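J.: Here you go, model-v4.tsv (TSV, C-alpha atoms (C1' of nucleotides)):
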chain	number	residue	atom	x	y	z
V	1	MET	CA	0.00	0.00	0.00
V	2	ASN	CA	2.90	2.37	-0.59
V	3	ALA	CA	2.27	5.34	-2.82
V	4	THR	CA	3.87	4.13	-6.00
V	5	LYS	CA	4.13	6.69	-8.72
V	6	VAL	CA	2.72	5.71	-12.06
V	7	ARG	CA	5.37	4.36	-14.39
V	8	ALA	CA	8.10	5.69	-12.17
V	9	GLY	CA	11.51	4.30	-12.87
V	10	SER	CA	10.27	1.40	-14.91
V	11	LYS	CA	13.65	0.92	-16.54
V	12	PRO	CA	16.44	2.83	-14.90
V	13	SER	CA	19.27	0.65	-16.16
V	14	GLY	CA	20.47	1.00	-19.69
V	15	THR	CA	20.52	-2.69	-20.53
V	16	THR	CA	17.67	-2.44	-23.04
V	17	GLN	CA	16.75	-6.11	-23.07
V	18	THR	CA	13.09	-5.75	-23.93
V	19	PRO	CA	11.50	-2.31	-24.37
V	20	PRO	CA	8.72	-2.15	-21.77
V	21	ALA	CA	6.11	-0.73	-24.11
V	22	SER	CA	6.90	2.58	-25.72
V	23	PRO	CA	10.28	4.33	-25.71
V	24	ALA	CA	9.18	7.91	-25.17
V	25	ASN	CA	5.65	8.90	-24.30
V	26	PRO	CA	3.84	12.19	-24.73
V	27	ARG	CA	1.96	12.65	-21.47
V	28	HIS	CA	2.32	12.12	-17.73
V	29	GLY	CA	4.60	9.17	-17.93
V	30	LEU	CA	1.82	7.08	-19.40
V	31	ASP	CA	3.05	4.75	-22.08
V	32	ARG	CA	1.10	3.32	-24.97
V	33	ILE	CA	-0.18	0.36	-22.95
V	34	ASP	CA	-1.38	2.53	-20.06
V	35	ARG	CA	-3.35	4.65	-22.48
V	36	ALA	CA	-4.81	1.57	-24.14
V	37	ILE	CA	-5.90	0.32	-20.73
V	38	LEU	CA	-7.49	3.66	-19.87
V	39	ARG	CA	-9.29	3.88	-23.19
V	40	GLN	CA	-10.73	0.43	-22.66
V	41	LEU	CA	-11.77	1.01	-19.05
V	42	GLN	CA	-13.36	4.33	-19.93
V	43	THR	CA	-15.45	2.51	-22.51
V	44	ASP	CA	-16.18	-0.69	-20.62
V	45	ALA	CA	-14.73	-1.49	-17.23
V	46	SER	CA	-16.77	-4.67	-16.76
V	47	ILE	CA	-14.21	-6.50	-18.86
V	48	SER	CA	-12.23	-9.14	-16.97
V	49	ASN	CA	-8.57	-8.57	-16.29
V	50	VAL	CA	-7.50	-11.49	-18.47
V	51	ALA	CA	-9.49	-10.14	-21.40
V	52	LEU	CA	-8.05	-6.69	-20.82
V	53	ALA	CA	-4.56	-8.14	-20.66
V	54	ALA	CA	-5.09	-9.89	-23.98
V	55	LYS	CA	-6.33	-6.68	-25.58
V	56	VAL	CA	-3.27	-4.72	-24.58
V	57	LYS	CA	-1.00	-7.70	-25.26
V	58	LEU	CA	0.24	-8.17	-21.74
V	59	SER	CA	0.23	-10.96	-19.19
V	60	ALA	CA	-2.63	-10.87	-16.70
V	61	PRO	CA	-0.54	-10.05	-13.61
V	62	ALA	CA	1.33	-7.27	-15.39
V	63	CYS	CA	-1.93	-5.79	-16.59
V	64	LEU	CA	-3.45	-6.00	-13.13
V	65	ARG	CA	-0.45	-4.26	-11.64
V	66	ARG	CA	-0.84	-1.40	-14.07
V	67	VAL	CA	-4.54	-1.01	-13.36
V	68	GLU	CA	-3.89	-0.97	-9.63
V	69	ARG	CA	-1.17	1.60	-10.07
V	70	LEU	CA	-3.50	3.78	-12.11
V	71	LYS	CA	-6.08	3.55	-9.35
V	72	GLU	CA	-3.64	4.26	-6.56
V	73	SER	CA	-2.20	7.22	-8.42
V	74	GLY	CA	-5.69	8.71	-8.54
V	75	LEU	CA	-5.82	8.86	-12.31
V	76	ILE	CA	-8.64	6.34	-12.20
V	77	ARG	CA	-10.97	7.98	-9.74
V	78	GLY	CA	-13.45	5.13	-9.62
V	79	VAL	CA	-15.47	2.57	-11.50
V	80	VAL	CA	-19.19	3.19	-11.69
V	81	ALA	CA	-22.33	2.03	-13.45
V	82	LEU	CA	-23.94	4.57	-15.77
V	83	LEU	CA	-27.73	4.46	-15.88
V	84	ASP	CA	-30.09	5.30	-18.70
V	85	PRO	CA	-31.59	8.66	-17.67
V	86	LYS	CA	-35.06	8.00	-19.03
V	87	ALA	CA	-35.24	4.51	-17.56
V	88	ALA	CA	-34.07	5.90	-14.21
V	89	GLY	CA	-36.91	8.40	-14.21
V	90	ALA	CA	-34.73	11.41	-14.96
V	91	GLY	CA	-35.48	11.95	-18.61
V	92	MET	CA	-35.48	15.73	-18.48
V	93	LEU	CA	-32.28	17.72	-18.54
V	94	VAL	CA	-32.08	21.43	-17.73
V	95	ILE	CA	-29.11	23.74	-17.76
V	96	ILE	CA	-29.54	26.78	-15.56
V	97	GLY	CA	-27.51	29.92	-15.26
V	98	VAL	CA	-27.50	31.64	-11.89
V	99	VAL	CA	-26.70	35.22	-10.95
V	100	LEU	CA	-26.17	36.05	-7.30
V	101	ASP	CA	-27.23	39.22	-5.49
V	102	ARG	CA	-23.82	40.06	-4.16
V	103	SER	CA	-20.38	38.82	-5.07
V	104	THR	CA	-19.06	38.21	-1.59
V	105	PRO	CA	-17.22	35.09	-0.37
V	106	GLU	CA	-19.99	34.42	2.15
V	107	SER	CA	-22.63	34.67	-0.54
V	108	PHE	CA	-20.79	32.22	-2.78
V	109	ALA	CA	-20.10	29.76	0.02
V	110	GLU	CA	-23.68	29.78	1.16
V	111	PHE	CA	-24.99	29.22	-2.34
V	112	GLU	CA	-22.58	26.37	-3.03
V	113	LYS	CA	-23.49	24.59	0.13
V	114	ALA	CA	-27.18	24.74	-0.71
V	115	ALA	CA	-26.75	23.94	-4.41
V	116	GLN	CA	-25.14	20.58	-3.67
V	117	LYS	CA	-28.28	19.45	-1.93
V	118	VAL	CA	-30.60	20.15	-4.85
V	119	ALA	CA	-32.11	16.84	-5.92
V	120	GLY	CA	-30.99	15.78	-9.37
V	121	CYS	CA	-28.20	18.35	-9.58
V	122	MET	CA	-25.53	16.64	-11.66
V	123	GLU	CA	-23.14	19.54	-12.10
V	124	CYS	CA	-22.56	22.93	-10.54
V	125	HIS	CA	-19.72	25.23	-11.50
V	126	VAL	CA	-18.51	28.77	-10.97
V	127	VAL	CA	-18.12	30.42	-14.35
V	128	THR	CA	-16.89	33.61	-15.94
V	129	GLY	CA	-19.24	35.79	-17.93
V	130	GLU	CA	-22.76	36.97	-17.43
V	131	PHE	CA	-23.56	34.21	-14.91
V	132	ASP	CA	-22.02	33.32	-11.59
V	133	TYR	CA	-22.93	29.63	-11.75
V	134	PHE	CA	-24.06	27.02	-14.18
V	135	MET	CA	-25.99	24.04	-12.90
V	136	VAL	CA	-27.03	20.92	-14.78
V	137	ILE	CA	-30.11	19.30	-13.35
V	138	ARG	CA	-31.92	16.07	-14.15
V	139	THR	CA	-35.58	15.61	-13.34
V	140	ARG	CA	-38.39	13.30	-14.33
V	141	ASP	CA	-40.38	15.68	-16.56
V	142	SER	CA	-41.36	19.32	-16.96
V	143	ASP	CA	-43.85	19.10	-14.11
V	144	SER	CA	-41.25	17.91	-11.65
V	145	PHE	CA	-38.82	20.55	-12.91
V	146	ASN	CA	-41.38	23.28	-12.43
V	147	ARG	CA	-41.91	22.03	-8.91
V	148	LEU	CA	-38.16	21.98	-8.27
V	149	HIS	CA	-37.86	25.45	-9.78
V	150	ALA	CA	-40.63	26.95	-7.68
V	151	GLU	CA	-39.84	25.15	-4.44
V	152	GLN	CA	-36.06	24.89	-4.37
V	153	LEU	CA	-34.16	26.80	-7.03
V	154	LEU	CA	-35.89	30.13	-6.41
V	155	TYR	CA	-35.12	29.79	-2.72
V	156	LEU	CA	-31.42	29.12	-3.07
V	157	PRO	CA	-29.62	31.69	-0.90
V	158	GLY	CA	-28.47	34.93	-2.51
V	159	VAL	CA	-29.99	34.30	-5.92
V	160	ARG	CA	-30.85	37.36	-7.99
V	161	GLN	CA	-31.73	35.64	-11.24
V	162	ILE	CA	-32.15	32.14	-12.61
V	163	ARG	CA	-32.26	31.45	-16.31
V	164	SER	CA	-33.35	28.00	-17.44
V	165	PHE	CA	-32.29	26.35	-20.68
V	166	MET	CA	-34.35	23.22	-21.22
V	167	VAL	CA	-32.57	20.53	-23.18
V	168	LEU	CA	-34.68	19.53	-26.18
V	169	LYS	CA	-32.27	16.96	-27.58
V	170	GLU	CA	-29.16	15.35	-26.16
V	171	ILE	CA	-26.64	15.19	-28.98
V	172	LEU	CA	-23.66	13.95	-27.04
V	173	SER	CA	-22.99	12.96	-23.46
V	174	THR	CA	-19.83	11.13	-22.50
V	175	THR	CA	-17.48	10.57	-19.58
V	176	LYS	CA	-14.52	9.67	-21.77
V	177	PHE	CA	-11.47	11.88	-21.88
V	178	PRO	CA	-9.29	11.88	-24.96
V	179	LEU	CA	-5.94	10.23	-24.34
K	1	MET	CA	-30.55	-13.94	-24.21
K	2	ASN	CA	-34.27	-13.35	-24.49
K	3	ALA	CA	-35.61	-9.87	-23.85
K	4	THR	CA	-36.94	-10.29	-20.35
K	5	LYS	CA	-38.68	-7.31	-18.91
K	6	VAL	CA	-37.39	-6.06	-15.59
K	7	ARG	CA	-39.37	-7.34	-12.65
K	8	ALA	CA	-42.27	-8.23	-14.91
K	9	GLY	CA	-45.03	-10.22	-13.33
K	10	SER	CA	-43.02	-11.06	-10.31
K	11	LYS	CA	-46.02	-12.26	-8.34
K	12	PRO	CA	-49.20	-12.79	-10.31
K	13	SER	CA	-50.75	-15.37	-7.98
K	14	GLY	CA	-52.13	-14.36	-4.64
K	15	THR	CA	-50.48	-17.08	-2.61
K	16	THR	CA	-48.12	-14.71	-0.77
K	17	GLN	CA	-45.73	-17.35	0.49
K	18	THR	CA	-42.54	-15.31	0.71
K	19	PRO	CA	-42.51	-11.77	-0.61
K	20	PRO	CA	-39.53	-11.68	-3.02
K	21	ALA	CA	-38.30	-8.36	-1.75
K	22	SER	CA	-40.80	-5.53	-1.50
K	23	PRO	CA	-44.58	-5.75	-1.90
K	24	ALA	CA	-45.31	-2.58	-3.82
K	25	ASN	CA	-42.70	-0.31	-5.25
K	26	PRO	CA	-42.82	3.30	-6.36
K	27	ARG	CA	-41.03	3.31	-9.68
K	28	HIS	CA	-40.59	1.27	-12.82
K	29	GLY	CA	-41.11	-2.09	-11.20
K	30	LEU	CA	-37.86	-1.72	-9.29
K	31	ASP	CA	-38.10	-3.11	-5.78
K	32	ARG	CA	-36.07	-2.04	-2.76
K	33	ILE	CA	-33.25	-4.47	-3.51
K	34	ASP	CA	-32.90	-3.37	-7.13
K	35	ARG	CA	-32.60	0.21	-6.02
K	36	ALA	CA	-30.02	-0.71	-3.39
K	37	ILE	CA	-28.02	-2.50	-6.08
K	38	LEU	CA	-28.21	0.49	-8.40
K	39	ARG	CA	-27.20	2.92	-5.68
K	40	GLN	CA	-24.16	0.80	-4.89
K	41	LEU	CA	-23.11	0.30	-8.51
K	42	GLN	CA	-23.52	4.00	-9.25
K	43	THR	CA	-21.12	4.71	-6.38
K	44	ASP	CA	-18.67	1.86	-6.86
K	45	ALA	CA	-19.09	-0.86	-9.42
K	46	SER	CA	-15.71	-2.46	-8.75
K	47	ILE	CA	-17.24	-4.27	-5.80
K	48	SER	CA	-17.34	-8.04	-6.17
K	49	ASN	CA	-20.66	-9.76	-6.65
K	50	VAL	CA	-20.42	-11.63	-3.35
K	51	ALA	CA	-19.81	-8.38	-1.47
K	52	LEU	CA	-22.68	-6.72	-3.30
K	53	ALA	CA	-24.93	-9.68	-2.50
K	54	ALA	CA	-24.05	-9.38	1.18
K	55	LYS	CA	-24.81	-5.65	1.17
K	56	VAL	CA	-28.27	-6.13	-0.24
K	57	LYS	CA	-28.84	-9.28	1.82
K	58	LEU	CA	-29.19	-11.72	-1.03
K	59	SER	CA	-27.39	-14.85	-2.18
K	60	ALA	CA	-24.67	-14.35	-4.77
K	61	PRO	CA	-26.50	-16.03	-7.66
K	62	ALA	CA	-29.72	-14.13	-7.02
K	63	CYS	CA	-27.82	-10.87	-6.88
K	64	LEU	CA	-25.95	-11.63	-10.07
K	65	ARG	CA	-29.20	-12.42	-11.87
K	66	ARG	CA	-30.64	-9.05	-10.88
K	67	VAL	CA	-27.58	-7.17	-12.05
K	68	GLU	CA	-27.66	-8.98	-15.38
K	69	ARG	CA	-31.32	-8.20	-15.78
K	70	LEU	CA	-30.70	-4.54	-15.07
K	71	LYS	CA	-28.02	-4.55	-17.73
K	72	GLU	CA	-30.12	-6.38	-20.31
K	73	SER	CA	-33.06	-4.10	-19.68
K	74	GLY	CA	-30.85	-1.16	-20.55
K	75	LEU	CA	-31.28	0.57	-17.22
K	76	ILE	CA	-27.59	0.01	-16.57
K	77	ARG	CA	-26.12	1.41	-19.73
K	78	GLY	CA	-22.58	0.41	-18.92
K	79	VAL	CA	-19.81	0.19	-16.37
K	80	VAL	CA	-16.94	2.59	-16.89
K	81	ALA	CA	-13.87	3.99	-15.18
K	82	LEU	CA	-13.98	7.68	-14.34
K	83	LEU	CA	-10.68	9.52	-14.65
K	84	ASP	CA	-9.39	12.49	-12.75
K	85	PRO	CA	-9.65	15.38	-15.23
K	86	LYS	CA	-6.49	17.15	-14.16
K	87	ALA	CA	-4.43	13.96	-14.07
K	88	ALA	CA	-5.74	13.05	-17.51
K	89	GLY	CA	-4.54	16.36	-18.88
K	90	ALA	CA	-7.99	17.90	-19.20
K	91	GLY	CA	-8.04	20.20	-16.21
K	92	MET	CA	-9.88	23.03	-17.88
K	93	LEU	CA	-13.63	23.00	-18.28
K	94	VAL	CA	-15.53	25.39	-20.53
K	95	ILE	CA	-19.24	25.70	-21.13
K	96	ILE	CA	-20.09	27.32	-24.42
K	97	GLY	CA	-23.38	28.61	-25.77
K	98	VAL	CA	-23.83	28.51	-29.52
K	99	VAL	CA	-26.19	30.46	-31.75
K	100	LEU	CA	-26.64	29.31	-35.33
K	101	ASP	CA	-27.07	31.50	-38.42
K	102	ARG	CA	-30.28	29.92	-39.57
K	103	SER	CA	-32.73	27.64	-37.83
K	104	THR	CA	-33.17	25.06	-40.57
K	105	PRO	CA	-33.08	21.28	-40.14
K	106	GLU	CA	-30.06	21.08	-42.44
K	107	SER	CA	-28.22	23.70	-40.46
K	108	PHE	CA	-28.85	21.84	-37.19
K	109	ALA	CA	-27.91	18.47	-38.63
K	110	GLU	CA	-24.69	19.78	-40.08
K	111	PHE	CA	-23.69	21.45	-36.85
K	112	GLU	CA	-24.46	18.38	-34.74
K	113	LYS	CA	-22.41	16.14	-36.97
K	114	ALA	CA	-19.41	18.43	-36.70
K	115	ALA	CA	-19.82	19.16	-32.98
K	116	GLN	CA	-19.47	15.48	-32.07
K	117	LYS	CA	-16.00	15.44	-33.53
K	118	VAL	CA	-14.69	18.34	-31.45
K	119	ALA	CA	-11.88	16.99	-29.29
K	120	GLY	CA	-12.74	17.07	-25.61
K	121	CYS	CA	-16.43	17.75	-26.15
K	122	MET	CA	-18.12	16.00	-23.24
K	123	GLU	CA	-21.67	17.21	-23.80
K	124	CYS	CA	-23.65	18.85	-26.55
K	125	HIS	CA	-27.35	19.61	-26.30
K	126	VAL	CA	-30.07	21.50	-28.12
K	127	VAL	CA	-31.63	23.97	-25.71
K	128	THR	CA	-34.44	26.47	-25.46
K	129	GLY	CA	-33.71	30.13	-24.82
K	130	GLU	CA	-31.19	32.54	-26.19
K	131	PHE	CA	-28.86	29.79	-27.40
K	132	ASP	CA	-29.35	26.95	-29.85
K	133	TYR	CA	-26.76	24.66	-28.28
K	134	PHE	CA	-24.79	24.24	-25.13
K	135	MET	CA	-21.51	22.38	-25.27
K	136	VAL	CA	-19.30	21.28	-22.40
K	137	ILE	CA	-15.67	20.98	-23.39
K	138	ARG	CA	-12.60	19.75	-21.54
K	139	THR	CA	-9.13	20.87	-22.49
K	140	ARG	CA	-5.67	20.90	-20.99
K	141	ASP	CA	-5.40	24.62	-20.19
K	142	SER	CA	-6.39	28.04	-21.44
K	143	ASP	CA	-3.82	27.91	-24.21
K	144	SER	CA	-5.19	24.72	-25.62
K	145	PHE	CA	-8.71	26.06	-25.31
K	146	ASN	CA	-7.81	29.19	-27.18
K	147	ARG	CA	-6.33	27.04	-29.90
K	148	LEU	CA	-9.46	24.92	-30.01
K	149	HIS	CA	-11.61	28.04	-30.06
K	150	ALA	CA	-9.71	29.66	-32.90
K	151	GLU	CA	-9.13	26.56	-34.98
K	152	GLN	CA	-12.24	24.45	-34.49
K	153	LEU	CA	-15.14	26.09	-32.67
K	154	LEU	CA	-15.24	29.22	-34.80
K	155	TYR	CA	-15.29	27.04	-37.92
K	156	LEU	CA	-18.19	24.85	-36.88
K	157	PRO	CA	-20.76	25.03	-39.70
K	158	GLY	CA	-23.55	27.59	-39.47
K	159	VAL	CA	-22.32	29.28	-36.30
K	160	ARG	CA	-23.33	32.89	-35.79
K	161	GLN	CA	-22.09	33.38	-32.26
K	162	ILE	CA	-20.16	31.49	-29.62
K	163	ARG	CA	-20.17	32.54	-26.01
K	164	SER	CA	-17.65	30.91	-23.67
K	165	PHE	CA	-18.12	30.49	-19.94
K	166	MET	CA	-14.87	29.34	-18.40
K	167	VAL	CA	-15.29	27.22	-15.30
K	168	LEU	CA	-13.33	28.72	-12.43
K	169	LYS	CA	-14.29	26.16	-9.82
K	170	GLU	CA	-16.03	22.81	-10.07
K	171	ILE	CA	-18.43	22.61	-7.17
K	172	LEU	CA	-20.20	19.39	-8.05
K	173	SER	CA	-19.87	16.81	-10.81
K	174	THR	CA	-21.58	13.47	-10.51
K	175	THR	CA	-22.99	10.66	-12.64
K	176	LYS	CA	-25.36	9.41	-9.96
K	177	PHE	CA	-29.10	9.64	-10.43
K	178	PRO	CA	-31.34	9.83	-7.39
K	179	LEU	CA	-33.35	6.64	-6.91
M	1	DC	C1'	-40.94	-16.40	-11.11
M	2	DT	C1'	-38.25	-16.21	-7.53
M	3	DT	C1'	-34.74	-17.81	-4.15
M	4	DG	C1'	-30.66	-20.34	-2.02
M	5	DA	C1'	-27.23	-24.36	-1.83
M	6	DA	C1'	-23.82	-27.06	-3.94
M	7	DA	C1'	-20.57	-28.04	-7.76
M	8	DT	C1'	-17.77	-26.55	-11.56
M	9	DA	C1'	-14.98	-23.27	-14.34
M	10	DC	C1'	-12.72	-19.27	-14.38
M	11	DT	C1'	-10.44	-15.40	-12.52
M	12	DA	C1'	-7.80	-12.59	-9.41
M	13	DC	C1'	-3.87	-12.60	-6.89
M	14	DT	C1'	0.80	-14.10	-4.79
M	15	DA	C1'	5.41	-15.80	-5.00
M	16	DC	C1'	9.08	-16.48	-7.63
M	17	DG	C1'	12.27	-16.67	-11.72
N	1	DC	C1'	7.72	-8.55	-17.19
N	2	DG	C1'	6.30	-13.46	-17.33
N	3	DT	C1'	5.26	-18.35	-15.36
N	4	DA	C1'	3.26	-21.23	-12.12
N	5	DG	C1'	0.54	-22.12	-8.26
N	6	DT	C1'	-3.13	-20.96	-4.78
N	7	DA	C1'	-7.26	-18.69	-3.10
N	8	DG	C1'	-11.38	-16.75	-4.11
N	9	DT	C1'	-14.99	-15.57	-7.24
N	10	DA	C1'	-18.30	-15.94	-10.95
N	11	DT	C1'	-21.45	-18.93	-13.06
N	12	DT	C1'	-24.29	-23.06	-13.84
N	13	DT	C1'	-27.30	-26.66	-12.11
N	14	DC	C1'	-30.72	-27.99	-9.29
N	15	DA	C1'	-34.24	-28.28	-5.70
N	16	DA	C1'	-37.65	-25.63	-3.20
N	17	DG	C1'	-40.75	-21.58	-1.68
Re-express the file's structure as structure tokens.
T.:
Amino acid sequence: MNATKVRAGSKPSGTTQTPPASPANPRHGLDRIDRAILRQLQTDASISNVALAAKVKLSAPACLRRVERLKESGLIRGVVALLDPKAAGAGMLVIIGVVLDRSTPESFAEFEKAAQKVAGCMECHVVTGEFDYFMVIRTRDSDSFNRLHAEQLLYLPGVRQIRSFMVLKEILSTTKFPL
Amino acid sequence: MNATKVRAGSKPSGTTQTPPASPANPRHGLDRIDRAILRQLQTDASISNVALAAKVKLSAPACLRRVERLKESGLIRGVVALLDPKAAGAGMLVIIGVVLDRSTPESFAEFEKAAQKVAGCMECHVVTGEFDYFMVIRTRDSDSFNRLHAEQLLYLPGVRQIRSFMVLKEILSTTKFPL
DNA sequence: CTTGAAATACTACTACG
DNA sequence: CGTAGTAGTATTTCAAG
């Protein structure tokens, strides 16, 4: 359980018997195999380790060691199941822009604390521009959003204005980062 | 591999010998155990099936059958690894609002096709209000975003205006739906 | 249509070369 | 990193509520 750095010192000696994977690598000390592993796990992490090892052309233990290192390093933050929004009863998506009354630290802190408790709030960020915050909220339908809007959003602390952008069509929604 | 409906007709007869899990359930034919499984898998899907079974107080085979059913039904859309944005070299988050030149079906279709190919585009949605689209884009830093902005975003087909909201602080970002 | 118990096949994991 | 061996898990089969 020691904090091993990812790909740290994988071949310090200059013997060059068998190149580990990729001589020089573009980012973060991740070689070609690490990136292949991450691409696969970002797409489907329910794959077994032996199957993953075969895909990246590595032995099972070596592959498992890499995955564990990627987890311990924090690069892999977790493995989760993604649900179908509609099937989960959250078929409506709304993006809302929020403007606060005053731009004081207390005002921001208070709002952020309350915003995290809003049911169905998937994202909440401080932004530059004409809004102070953007929130992304999932609800069942327009009725339940109207209820949420009237009962919770309008009562968030320090809010001057809320502008709602209802999502009519979801073109793209992914959790995958380019590697 | 037949298309079994989730929890369909789980107790048609009125014998009431041993209630499978929960007599009546609020949503979608999901009983209490199904929802407990989904809550766990949305939080951490790397848990073993035996551990999951113990958590929801079920035998391992019964638990596994439920998980498979939830996958086949499409409610669980997939199991993926979530990466740390900064560690993955995508520490900057930008929300952009897009207004198109003309509101024709062709114009929308052309834009959507091109938008999906934008590197680092995590979300893209048609919205109501003063914008036609909202996009959520991840990039390495402000330099790389400026490059993306100048070289790709401004050349997306049919774009009249692009408004960028840089994210200064990520308050909340989750993939978990309330159940 | 469901559950749980036992048996088998496969996988994760450890030790070592 | 890979090979071989062990421990534990997933998965099937089956009987029962």
J.: Quick one: everything within 12 Å of N:DG8, counting all atoms listed in the file, minus sequence neighbours fewer than 2 positions away in the same chain. Send it as a ChimeraX atom specification.
T.: /K:48-50 /M:10-13 /N:6,10
J.: List the spatial neighbours of V:Asp141 as a VMD selection string - criterion: any atom at most 10 Å away, only C-alpha atoms (C1' of nucleotides), same-chain residues fewer than 2 positions off excluded.
T.: chain V and resid 86 89 to 93 138 to 139 143 to 146
J.: One decimal, in Å: what's the spacing between atom CA of V:Val159 and atom CA of V:Leu100?
T.: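 That distance, rounded to one decimal, is 4.4 Å.
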J.: Could you tell me which residues of chain M sit within 12 Å of chain K when counting only C-alpha atoms (C1' of nucleotides), and give me the result as a list in words?
T.: DC1, DT2, DT3, DG4, DA5, DA6, DT11 and DA12 of chain M
J.: Quick one, how far is atom CA of V:Leu156 from atom CA of V:Leu168?
T.: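 Computing the Euclidean distance for atom CA of V:Leu156 and atom CA of V:Leu168 yields 25.2 Å.
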J.: For a cut-off of 12 Å around (-26.1, -23.1, -15.8), file coordinates, pick out all residues using all atoms listed in the file and list them as a ChimeraX atom specification.
T.: /K:61,65 /M:7-9 /N:10-14
J.: Residues of chain K within 7 Å of chain V, counting all atoms listed in the file - could you list those as JSON, numbers by chain?
T.: {"K": [41, 42, 43, 44, 45, 46, 74, 75, 76, 77, 78, 79, 80, 81, 82, 83, 84, 87, 88, 112, 116, 120, 122, 123, 124, 125, 126, 127, 128, 129, 165, 166, 167, 168, 169, 170, 171, 172, 173, 174, 175, 177, 178]}
J.: Go ahead and dump the residues you just picked, C-alpha atoms, as an mmCIF file, in the coordinates of the input.
T.:
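Dumped to selection.cif:
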data_model
loop_
_atom_site.group_PDB
_atom_site.id
_atom_site.type_symbol
_atom_site.label_atom_id
_atom_site.label_comp_id
_atom_site.auth_asym_id
_atom_site.auth_seq_id
_atom_site.Cartn_x
_atom_site.Cartn_y
_atom_site.Cartn_z
ATOM 1 C CA LEU K 41 -23.110 0.300 -8.510
ATOM 2 C CA GLN K 42 -23.520 4.000 -9.250
ATOM 3 C CA THR K 43 -21.120 4.710 -6.380
ATOM 4 C CA ASP K 44 -18.670 1.860 -6.860
ATOM 5 C CA ALA K 45 -19.090 -0.860 -9.420
ATOM 6 C CA SER K 46 -15.710 -2.460 -8.750
ATOM 7 C CA GLY K 74 -30.850 -1.160 -20.550
ATOM 8 C CA LEU K 75 -31.280 0.570 -17.220
ATOM 9 C CA ILE K 76 -27.590 0.010 -16.570
ATOM 10 C CA ARG K 77 -26.120 1.410 -19.730
ATOM 11 C CA GLY K 78 -22.580 0.410 -18.920
ATOM 12 C CA VAL K 79 -19.810 0.190 -16.370
ATOM 13 C CA VAL K 80 -16.940 2.590 -16.890
ATOM 14 C CA ALA K 81 -13.870 3.990 -15.180
ATOM 15 C CA LEU K 82 -13.980 7.680 -14.340
ATOM 16 C CA LEU K 83 -10.680 9.520 -14.650
ATOM 17 C CA ASP K 84 -9.390 12.490 -12.750
ATOM 18 C CA ALA K 87 -4.430 13.960 -14.070
ATOM 19 C CA ALA K 88 -5.740 13.050 -17.510
ATOM 20 C CA GLU K 112 -24.460 18.380 -34.740
ATOM 21 C CA GLN K 116 -19.470 15.480 -32.070
ATOM 22 C CA GLY K 120 -12.740 17.070 -25.610
ATOM 23 C CA MET K 122 -18.120 16.000 -23.240
ATOM 24 C CA GLU K 123 -21.670 17.210 -23.800
ATOM 25 C CA CYS K 124 -23.650 18.850 -26.550
ATOM 26 C CA HIS K 125 -27.350 19.610 -26.300
ATOM 27 C CA VAL K 126 -30.070 21.500 -28.120
ATOM 28 C CA VAL K 127 -31.630 23.970 -25.710
ATOM 29 C CA THR K 128 -34.440 26.470 -25.460
ATOM 30 C CA GLY K 129 -33.710 30.130 -24.820
ATOM 31 C CA PHE K 165 -18.120 30.490 -19.940
ATOM 32 C CA MET K 166 -14.870 29.340 -18.400
ATOM 33 C CA VAL K 167 -15.290 27.220 -15.300
ATOM 34 C CA LEU K 168 -13.330 28.720 -12.430
ATOM 35 C CA LYS K 169 -14.290 26.160 -9.820
ATOM 36 C CA GLU K 170 -16.030 22.810 -10.070
ATOM 37 C CA ILE K 171 -18.430 22.610 -7.170
ATOM 38 C CA LEU K 172 -20.200 19.390 -8.050
ATOM 39 C CA SER K 173 -19.870 16.810 -10.810
ATOM 40 C CA THR K 174 -21.580 13.470 -10.510
ATOM 41 C CA THR K 175 -22.990 10.660 -12.640
ATOM 42 C CA PHE K 177 -29.100 9.640 -10.430
ATOM 43 C CA PRO K 178 -31.340 9.830 -7.390
#
J.: What does the distance between atom CA of V:Ser103 and atom CA of V:Leu153 come to in Å, to one decimal place?
T.: 18.4 Å
J.: Between V:Ala36, V:Lys57, V:Val118, V:Asp31, single out the one closest to chain N, counting all atoms listed in the file.
T.: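 Distance minimum relative to chain N lands on V:Lys57.
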J.: Could you check which of K:Glu110, K:Asp34, K:Glu68, K:Glu151 is closest to chain N, using all atoms listed in the file?
T.: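 Checking each of K:Glu110, K:Asp34, K:Glu68, K:Glu151 against chain N, counting all atoms listed in the file, the winner is K:Glu68.
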J.: Mind listing as a PDB file with C-alpha atoms (C1' of nucleotides), in the frame of the given file which residues of chain N are within 10 Å of chain V, counting all atoms listed in the file?
T.:
ATOM      1  C1'  DC N   1       7.720  -8.550 -17.190  1.00  0.00           C
ATOM      2  C1'  DG N   2       6.300 -13.460 -17.330  1.00  0.00           C
ATOM      3  C1'  DT N   3       5.260 -18.350 -15.360  1.00  0.00           C
TER       4       DT N   3
END
